[in-house]
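Engineer: Input protein_35.tsv, format and content: TSV, C-alpha atoms.
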chain	number	residue	atom	x	y	z
A	1	MET	CA	7.60	-19.55	-5.03
A	2	LYS	CA	7.43	-17.86	-1.63
A	3	LEU	CA	3.67	-17.24	-1.61
A	4	GLN	CA	2.47	-20.54	-3.04
A	5	ASN	CA	-1.28	-20.99	-2.42
A	6	LYS	CA	-1.56	-17.82	-0.35
A	7	ARG	CA	-4.43	-15.38	-0.88
A	8	ALA	CA	-3.90	-11.65	-0.92
A	9	LEU	CA	-6.15	-8.60	-0.92
A	10	ILE	CA	-4.53	-5.47	-2.34
A	11	THR	CA	-6.37	-2.15	-2.30
A	12	GLY	CA	-5.74	0.14	-5.23
A	13	GLY	CA	-4.28	-2.73	-7.20
A	14	ASP	CA	-5.33	-1.44	-10.60
A	15	GLN	CA	-2.25	0.71	-11.27
A	16	GLY	CA	1.10	1.88	-10.01
A	17	ILE	CA	2.57	0.29	-6.90
A	18	GLY	CA	-0.56	-1.77	-6.19
A	19	ARG	CA	-0.51	-3.31	-9.65
A	20	GLY	CA	3.19	-4.10	-9.30
A	21	ILE	CA	2.59	-5.85	-5.98
A	22	ALA	CA	-0.38	-7.82	-7.33
A	23	ILE	CA	1.64	-9.15	-10.25
A	24	ARG	CA	4.67	-9.98	-8.10
A	25	PHE	CA	2.49	-11.84	-5.59
A	26	ALA	CA	1.02	-13.88	-8.45
A	27	GLU	CA	4.52	-14.66	-9.72
A	28	GLU	CA	5.28	-15.94	-6.21
A	29	GLY	CA	2.24	-18.25	-6.31
A	30	ALA	CA	-0.54	-16.22	-4.67
A	31	ASP	CA	-4.15	-15.74	-5.71
A	32	VAL	CA	-5.11	-12.09	-5.61
A	33	VAL	CA	-8.09	-9.79	-5.14
A	34	ILE	CA	-7.47	-6.20	-6.15
A	35	SER	CA	-9.73	-3.25	-5.49
A	36	TYR	CA	-10.18	-0.26	-7.72
A	37	ARG	CA	-12.18	2.91	-7.26
A	38	SER	CA	-12.75	4.12	-10.82
A	39	HIS	CA	-10.24	2.65	-13.30
A	40	GLN	CA	-11.99	-0.58	-14.23
A	41	ASP	CA	-10.07	-0.93	-17.50
A	42	ASN	CA	-6.78	-0.90	-15.61
A	43	ALA	CA	-8.14	-3.37	-13.09
A	44	ASP	CA	-9.29	-5.74	-15.83
A	45	GLU	CA	-5.86	-5.60	-17.44
A	46	THR	CA	-4.19	-6.44	-14.14
A	47	VAL	CA	-6.55	-9.37	-13.62
A	48	LYS	CA	-5.77	-10.73	-17.09
A	49	GLU	CA	-2.03	-10.45	-16.50
A	50	ILE	CA	-2.31	-12.36	-13.23
A	51	GLN	CA	-4.51	-15.03	-14.76
A	52	ALA	CA	-1.94	-15.47	-17.52
A	53	LEU	CA	0.49	-16.44	-14.77
A	54	GLY	CA	-1.83	-19.28	-13.80
A	55	ARG	CA	-3.19	-17.69	-10.62
A	56	LYS	CA	-6.70	-16.71	-9.64
A	57	ALA	CA	-7.44	-12.99	-9.78
A	58	VAL	CA	-10.56	-10.91	-9.15
A	59	ALA	CA	-11.13	-7.14	-9.26
A	60	ILE	CA	-13.72	-5.59	-6.95
A	61	GLN	CA	-14.87	-1.99	-7.14
A	62	GLY	CA	-14.56	-0.26	-3.80
A	63	ASP	CA	-13.68	2.98	-2.06
A	64	VAL	CA	-11.74	2.47	1.17
A	65	SER	CA	-12.76	5.91	2.39
A	66	VAL	CA	-16.35	4.68	2.78
A	67	THR	CA	-15.90	2.68	5.96
A	68	SER	CA	-19.54	1.59	6.11
A	69	ALA	CA	-18.99	-0.34	2.86
A	70	LEU	CA	-15.83	-2.14	4.00
A	71	PRO	CA	-17.52	-5.17	5.63
A	72	LYS	CA	-19.27	-6.10	2.38
A	73	PHE	CA	-16.13	-5.34	0.39
A	74	PHE	CA	-14.05	-7.66	2.57
A	75	ALA	CA	-16.74	-10.37	2.54
A	76	ASP	CA	-16.86	-10.19	-1.28
A	77	ALA	CA	-13.08	-10.62	-1.43
A	78	VAL	CA	-13.23	-13.72	0.77
A	79	ALA	CA	-16.12	-15.12	-1.28
A	80	ALA	CA	-14.10	-14.59	-4.46
A	81	ILE	CA	-10.88	-16.44	-3.56
A	82	GLY	CA	-11.27	-17.85	-0.06
A	83	PRO	CA	-9.82	-16.83	3.32
A	84	ILE	CA	-7.34	-13.96	3.00
A	85	ASP	CA	-3.79	-14.49	4.28
A	86	ILE	CA	-2.23	-11.14	3.29
A	87	LEU	CA	-3.71	-7.65	3.33
A	88	VAL	CA	-1.92	-4.85	1.51
A	89	ASN	CA	-3.30	-1.40	2.33
A	90	ASN	CA	-2.05	0.36	-0.77
A	91	ALA	CA	-4.82	2.72	-1.90
A	92	GLY	CA	-3.81	6.32	-1.37
A	93	VAL	CA	-4.53	9.90	-2.34
A	94	GLU	CA	-2.90	13.27	-1.86
A	95	LYS	CA	-4.21	16.83	-2.22
A	96	ARG	CA	-1.88	19.75	-2.80
A	97	ALA	CA	-2.72	22.89	-0.84
A	98	GLU	CA	-0.88	25.46	1.17
A	99	PHE	CA	-1.78	24.94	4.82
A	100	LEU	CA	-3.55	28.30	5.02
A	101	GLN	CA	-5.74	27.35	2.06
A	102	ALA	CA	-6.45	23.69	2.89
A	103	THR	CA	-10.12	22.70	3.12
A	104	ALA	CA	-11.87	20.38	5.52
A	105	GLU	CA	-13.20	18.38	2.57
A	106	ASP	CA	-9.74	17.65	1.19
A	107	TYR	CA	-8.39	16.88	4.67
A	108	ASP	CA	-11.22	14.43	5.35
A	109	LEU	CA	-10.67	12.65	2.04
A	110	VAL	CA	-6.90	12.27	2.51
A	111	LEU	CA	-7.23	11.01	6.08
A	112	ALA	CA	-10.10	8.68	5.17
A	113	VAL	CA	-8.27	7.00	2.28
A	114	ASN	CA	-4.77	6.89	3.76
A	115	LEU	CA	-5.48	6.19	7.43
A	116	LYS	CA	-9.10	5.52	8.36
A	117	GLY	CA	-9.63	2.99	5.57
A	118	PRO	CA	-6.51	0.96	6.44
A	119	PHE	CA	-7.47	1.09	10.14
A	120	PHE	CA	-10.89	-0.47	9.67
A	121	LEU	CA	-9.99	-2.83	6.82
A	122	SER	CA	-7.12	-4.17	8.95
A	123	GLN	CA	-9.60	-4.59	11.81
A	124	LEU	CA	-11.93	-6.69	9.63
A	125	PHE	CA	-9.01	-8.78	8.43
A	126	ALA	CA	-7.58	-9.28	11.92
A	127	ARG	CA	-10.95	-10.24	13.36
A	128	GLU	CA	-11.35	-12.94	10.69
A	129	LEU	CA	-7.85	-14.27	11.35
A	130	VAL	CA	-8.38	-14.38	15.10
A	131	SER	CA	-11.77	-16.07	14.82
A	132	SER	CA	-10.32	-18.74	12.53
A	133	LYS	CA	-7.13	-19.04	14.60
A	134	ARG	CA	-4.85	-18.25	11.68
A	135	GLY	CA	-1.84	-15.98	11.43
A	136	GLY	CA	-1.51	-13.41	8.70
A	137	LYS	CA	0.32	-10.43	7.27
A	138	ILE	CA	-0.68	-6.77	7.10
A	139	ILE	CA	1.44	-4.56	4.86
A	140	ASN	CA	0.77	-0.84	4.63
A	141	ILE	CA	2.13	1.20	1.76
A	142	SER	CA	3.16	4.33	3.59
A	143	SER	CA	5.64	6.92	2.31
A	144	VAL	CA	8.92	8.58	3.20
A	145	HIS	CA	6.56	11.37	4.26
A	146	GLU	CA	5.75	9.46	7.41
A	147	GLU	CA	9.10	10.99	8.39
A	148	LEU	CA	9.95	13.68	5.82
A	149	PRO	CA	8.03	17.00	5.75
A	150	PHE	CA	6.29	17.73	2.45
A	151	PRO	CA	5.27	21.40	2.29
A	152	ASN	CA	1.81	21.98	0.75
A	153	PHE	CA	0.81	18.39	1.57
A	154	ALA	CA	0.24	18.66	5.32
A	155	SER	CA	-2.79	16.34	5.37
A	156	TYR	CA	-0.85	13.66	3.49
A	157	CYS	CA	2.05	13.89	5.95
A	158	ALA	CA	-0.39	13.70	8.87
A	159	ALA	CA	-2.00	10.58	7.41
A	160	LYS	CA	1.29	8.81	6.73
A	161	GLY	CA	2.67	9.77	10.12
A	162	GLY	CA	-0.45	8.28	11.66
A	163	LEU	CA	0.01	5.14	9.59
A	164	LYS	CA	3.52	4.77	11.02
A	165	MET	CA	2.20	4.76	14.58
A	166	LEU	CA	-0.78	2.58	13.66
A	167	CYS	CA	1.66	0.00	12.30
A	168	ARG	CA	3.71	0.04	15.49
A	169	ASP	CA	0.69	-0.21	17.75
A	170	LEU	CA	-1.03	-3.00	15.81
A	171	ALA	CA	2.24	-4.92	15.60
A	172	ILE	CA	2.15	-5.17	19.41
A	173	GLU	CA	-1.59	-5.77	19.76
A	174	LEU	CA	-1.79	-8.43	17.07
A	175	ALA	CA	1.49	-10.26	17.70
A	176	PRO	CA	-0.10	-12.72	20.16
A	177	TYR	CA	-2.32	-13.91	17.31
A	178	GLY	CA	0.54	-14.52	14.89
A	179	ILE	CA	-0.29	-11.45	12.80
A	180	THR	CA	2.58	-9.25	11.65
A	181	VAL	CA	2.15	-5.61	10.65
A	182	ASN	CA	4.73	-3.67	8.66
A	183	ASN	CA	4.98	-0.54	6.55
A	184	ILE	CA	6.77	0.04	3.28
A	185	ALA	CA	7.77	3.67	2.78
A	186	PRO	CA	8.44	4.38	-0.90
A	187	GLY	CA	10.26	7.48	-2.02
A	188	ALA	CA	9.98	8.82	-5.56
A	189	ILE	CA	8.43	6.05	-7.65
A	190	LYS	CA	7.48	6.03	-11.33
A	191	THR	CA	3.69	5.85	-11.02
A	192	PRO	CA	0.75	7.69	-12.64
A	193	ILE	CA	0.58	10.08	-9.68
A	194	ASN	CA	4.07	11.32	-10.65
A	195	ALA	CA	3.39	11.64	-14.39
A	196	ASN	CA	3.76	15.42	-14.42
A	197	LEU	CA	7.03	15.20	-12.52
A	198	LEU	CA	8.48	12.66	-14.93
A	199	ASP	CA	7.68	14.94	-17.87
A	200	ASP	CA	9.24	18.05	-16.33
A	201	PRO	CA	13.07	17.99	-16.24
A	202	ALA	CA	13.10	21.25	-14.26
A	203	LYS	CA	11.39	19.44	-11.38
A	204	LEU	CA	12.78	15.94	-11.93
A	205	ASN	CA	16.49	16.75	-12.07
A	206	PRO	CA	16.64	18.54	-8.68
A	207	LEU	CA	14.81	15.59	-7.13
A	208	LEU	CA	17.28	13.10	-8.60
A	209	GLU	CA	20.10	15.09	-6.98
A	210	HIS	CA	18.64	14.13	-3.59
A	211	ILE	CA	18.55	10.40	-4.42
A	212	PRO	CA	21.95	8.75	-3.86
A	213	LEU	CA	21.13	5.91	-6.24
A	214	GLY	CA	20.48	8.49	-8.94
A	215	ARG	CA	17.13	7.27	-10.22
A	216	MET	CA	13.48	7.08	-9.37
A	217	GLY	CA	12.18	3.77	-8.16
A	218	SER	CA	9.78	1.48	-9.97
A	219	PRO	CA	6.67	-0.36	-8.75
A	220	GLU	CA	8.74	-3.53	-9.04
A	221	ASP	CA	11.23	-2.17	-6.49
A	222	VAL	CA	8.41	-1.85	-3.98
A	223	ALA	CA	6.78	-5.13	-5.01
A	224	GLY	CA	9.90	-7.14	-4.22
A	225	CYS	CA	9.95	-5.79	-0.68
A	226	ALA	CA	6.24	-6.49	-0.28
A	227	ALA	CA	6.79	-10.08	-1.40
A	228	PHE	CA	9.46	-10.46	1.26
A	229	LEU	CA	7.25	-9.07	4.04
A	230	ALA	CA	4.36	-11.29	2.91
A	231	SER	CA	6.49	-14.42	2.96
A	232	SER	CA	7.63	-16.71	5.76
A	233	ASP	CA	11.09	-15.15	5.42
A	234	ALA	CA	9.68	-12.16	7.33
A	235	ASP	CA	7.84	-14.07	10.07
A	236	TYR	CA	10.00	-12.39	12.74
A	237	VAL	CA	9.61	-8.89	11.28
A	238	THR	CA	6.82	-6.74	12.71
A	239	GLY	CA	6.31	-3.09	13.55
A	240	ALA	CA	8.94	-2.07	11.01
A	241	THR	CA	9.01	0.50	8.25
A	242	LEU	CA	11.04	-0.63	5.25
A	243	LEU	CA	12.34	2.33	3.27
A	244	VAL	CA	12.34	1.91	-0.51
A	245	ASP	CA	13.66	5.30	-1.53
A	246	GLY	CA	17.13	4.95	-3.05
A	247	GLY	CA	18.55	6.72	0.00
A	248	LEU	CA	16.35	9.83	-0.38
A	249	LEU	CA	15.15	10.22	3.20
A	250	PHE	CA	18.54	10.36	4.87
A	251	ASN	CA	20.12	12.41	2.11
A	252	TYR	CA	17.40	15.01	1.64
A	253	HIS	CA	18.26	18.64	2.34
A	254	GLU	CA	16.68	21.94	1.42
A	255	GLN	CA	18.34	23.83	-1.40
Written as structure tokens, that's how I'd like the structure from this file.
Structural biologist:
Amino acid sequence: MKLQNKRALITGGDQGIGRGIAIRFAEEGADVVISYRSHQDNADETVKEIQALGRKAVAIQGDVSVTSALPKFFADAVAAIGPIDILVNNAGVEKRAEFLQATAEDYDLVLAVNLKGPFFLSQLFARELVSSKRGGKIINISSVHEELPFPNFASYCAAKGGLKMLCRDLAIELAPYGITVNNIAPGAIKTPINANLLDDPAKLNPLLEHIPLGRMGSPEDVAGCAAFLASSDADYVTGATLLVDGGLLFNYHEQ
């Protein structure tokens, strides 16, 4: 088990990609804290599944967009399972709006969840690692839209593009402390956020035509890559974005 006796904090670990990563980490031997914003039932189910694997698991309610609450949130995570070795910034949100109709409120929410929250939670984590003279791993769940335009989701693209550069900058700043920072950029993944797409062949089939592997990804596809980046196998990998998109990004073209 590649993560034996490691401790991980995964934001948005109650469903979708975050849940997949939490379970995979537990299978690899890690104890896990997951955060959830509103789906406590899902969080409780994830905790039970991890505990059934023989690992420690705790769910903490939290909203990464509220940066003033992050210090207590992080302290509660440490109190629950001990010093954190791996931080996965997974929580995310998107708001559909034509650029001319986008509101400041929606923009602020998308940037706060997808970029500001990871910035300051990573800062708390890195400060703790540096003060205790330990190395660690930061993994951001980004998106192919850190590179690929996504019309009607300009704020989401801006946030993910910012997360790409944040990863590269922190990889340099934190390397002297033995802290690696990497992004995973999923493409089209079967998660609750894509439920409407999965149920609409008129939208799904054209998307599949852009994916060379011919299928949507699963949370497990992303989780395997996260487990690699969190392990000692990736100790010399930092500042990288790992695409998990079935070839979508480099094959995408407008119809």
Engineer: Taking (-13.8, -2.6, 8.6) in the coordinates of the supplied file, I want to know which residues reach to within 10 Å of it, counting only C-alpha atoms; could you give the answer as a VMD selection string?
Structural biologist: chain A and resid 64 66 to 74 116 to 127
Engineer: Excluding Glu94 (chain A) and any residue of its chain fewer than 5 positions from it, enumerate the residues within 8 Å of it, using only C-alpha atoms, and give them as a ChimeraX atom specification.
Structural biologist: /A:110,153,155-156
Engineer: Quick check, in Å to one decimal: how far apart do CA of Val78 (chain A) and CA of Glu128 (chain A) lie?
Structural biologist: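 Computing it gives 10.1 Å between the two atoms.
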Engineer: Just want the 9 Å neighbourhood of Gly135 (chain A), counted on all atoms listed in the file, with same-chain residues fewer than 5 positions away dropped. Output as a PDB file with C-alpha atoms, keeping the file's coordinate frame.
Structural biologist:
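So the final result, stored in around_34.pdb, reads:
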ATOM      1  CA  ASP A  85      -3.790 -14.490   4.280  1.00  0.00           C
ATOM      2  CA  ALA A 126      -7.580  -9.280  11.920  1.00  0.00           C
ATOM      3  CA  LEU A 129      -7.850 -14.270  11.350  1.00  0.00           C
ATOM      4  CA  VAL A 130      -8.380 -14.380  15.100  1.00  0.00           C
ATOM      5  CA  TYR A 177      -2.320 -13.910  17.310  1.00  0.00           C
ATOM      6  CA  GLY A 178       0.540 -14.520  14.890  1.00  0.00           C
ATOM      7  CA  ILE A 179      -0.290 -11.450  12.800  1.00  0.00           C
ATOM      8  CA  THR A 180       2.580  -9.250  11.650  1.00  0.00           C
TER       9      THR A 180
END
Engineer: Given all atoms listed in the file as the basis, pick out the residue of A:Ala234, A:Ile81, A:Ile17, A:Met1 nearest to Ser218 (chain A).
Structural biologist: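 The closest residue to Ser218 (chain A) is A:Ile17.
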Engineer: Select, from A:Ala226, A:Ile139, A:Ala195, A:Leu111, the residue with the minimum atom-to-atom distance to Leu170 (chain A), counting only C-alpha atoms.
Structural biologist: A:Ile139
Engineer: Using all atoms listed in the file, find all polymer residues with an atom at most 9 Å away from the point (-4.3, -19.8, -5.8); report them as a VMD selection string.
Structural biologist: chain A and resid 4 to 7 26 29 to 32 54 to 57 81
Engineer: Quick one: residues within 7 Å of Ile138 (chain A), only C-alpha atoms counted, chain neighbours fewer than 6 positions away excluded, as a PyMOL selection string?
Structural biologist: chain A and resi 86-88+180-182
Engineer: Would you mind telling me which residue in A:Leu9, A:Ala175, A:Ala91, A:Met216 lies nearest to Tyr236 (chain A) when using only C-alpha atoms?
Structural biologist: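 The shortest atom-to-atom distance to Tyr236 (chain A) comes from A:Ala175.
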Engineer: Find the residues near Leu242 (chain A): any atom within 9 Å, counting all atoms listed in the file, skip ones fewer than 2 places away on the same chain, and give them as a ChimeraX atom specification.
Structural biologist: /A:182-186,225,240,244
Engineer: Keeping only C-alpha atoms, write the selected residues as an mmCIF file, in the frame of the given file.
Structural biologist:
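Ended up saving to out39.cif:
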data_model
loop_
_atom_site.group_PDB
_atom_site.id
_atom_site.type_symbol
_atom_site.label_atom_id
_atom_site.label_comp_id
_atom_site.auth_asym_id
_atom_site.auth_seq_id
_atom_site.Cartn_x
_atom_site.Cartn_y
_atom_site.Cartn_z
ATOM 1 C CA ASN A 182 4.730 -3.670 8.660
ATOM 2 C CA ASN A 183 4.980 -0.540 6.550
ATOM 3 C CA ILE A 184 6.770 0.040 3.280
ATOM 4 C CA ALA A 185 7.770 3.670 2.780
ATOM 5 C CA PRO A 186 8.440 4.380 -0.900
ATOM 6 C CA CYS A 225 9.950 -5.790 -0.680
ATOM 7 C CA ALA A 240 8.940 -2.070 11.010
ATOM 8 C CA VAL A 244 12.340 1.910 -0.510
#
Engineer: How many Å lie between CA of Asn114 (chain A) and CA of Glu147 (chain A), rounded to one decimal?
Structural biologist: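 So the two atoms, CA of Asn114 (chain A) and CA of Glu147 (chain A), lie 15.2 Å apart.
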Engineer: Please report the interatomic distance between CA of Thr103 (chain A) and CA of Lys203 (chain A) in Å with one decimal.
Structural biologist: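 Pair CA of Thr103 (chain A) / CA of Lys203 (chain A) returns 26.1 Å.
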Engineer: Find the residues around Leu115 (chain A) up to 7 Å (all atoms listed in the file counted), leave out those fewer than 6 positions away in its own chain, and share them as a PyMOL selection string.
Structural biologist: chain A and resi 159+162-163
Engineer: For Lys190 (chain A), which of A:Glu105, A:His145, A:Thr46, A:Gln15 is the closest residue, counting all atoms listed in the file?
Structural biologist: A:Gln15
Engineer: Measuring between all atoms listed in the file, which one of A:Leu249, A:Arg24, A:Leu100, A:Ala80 shows the shortest distance to Leu3 (chain A)?
Structural biologist: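 For Leu3 (chain A), the nearest of the candidates is A:Arg24.
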Engineer: So which one's closest to Ile141 (chain A), A:Val93, A:Ala102, A:Ala52, A:Ala171? Using all atoms listed in the file, please.
Structural biologist: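 That would be A:Val93, the residue with the smallest distance to Ile141 (chain A).
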Engineer: Please return the centre and edge lengths, in Å to one decimal, of a box with edges along x, y and z that contains all listed atoms of region 182-200 of chain A, widened by 5 Å on every side, as JSON.
Structural biologist:
{"center_x": 5.4, "center_y": 7.2, "center_z": -4.6, "size_x": 19.7, "size_y": 31.7, "size_z": 36.5}
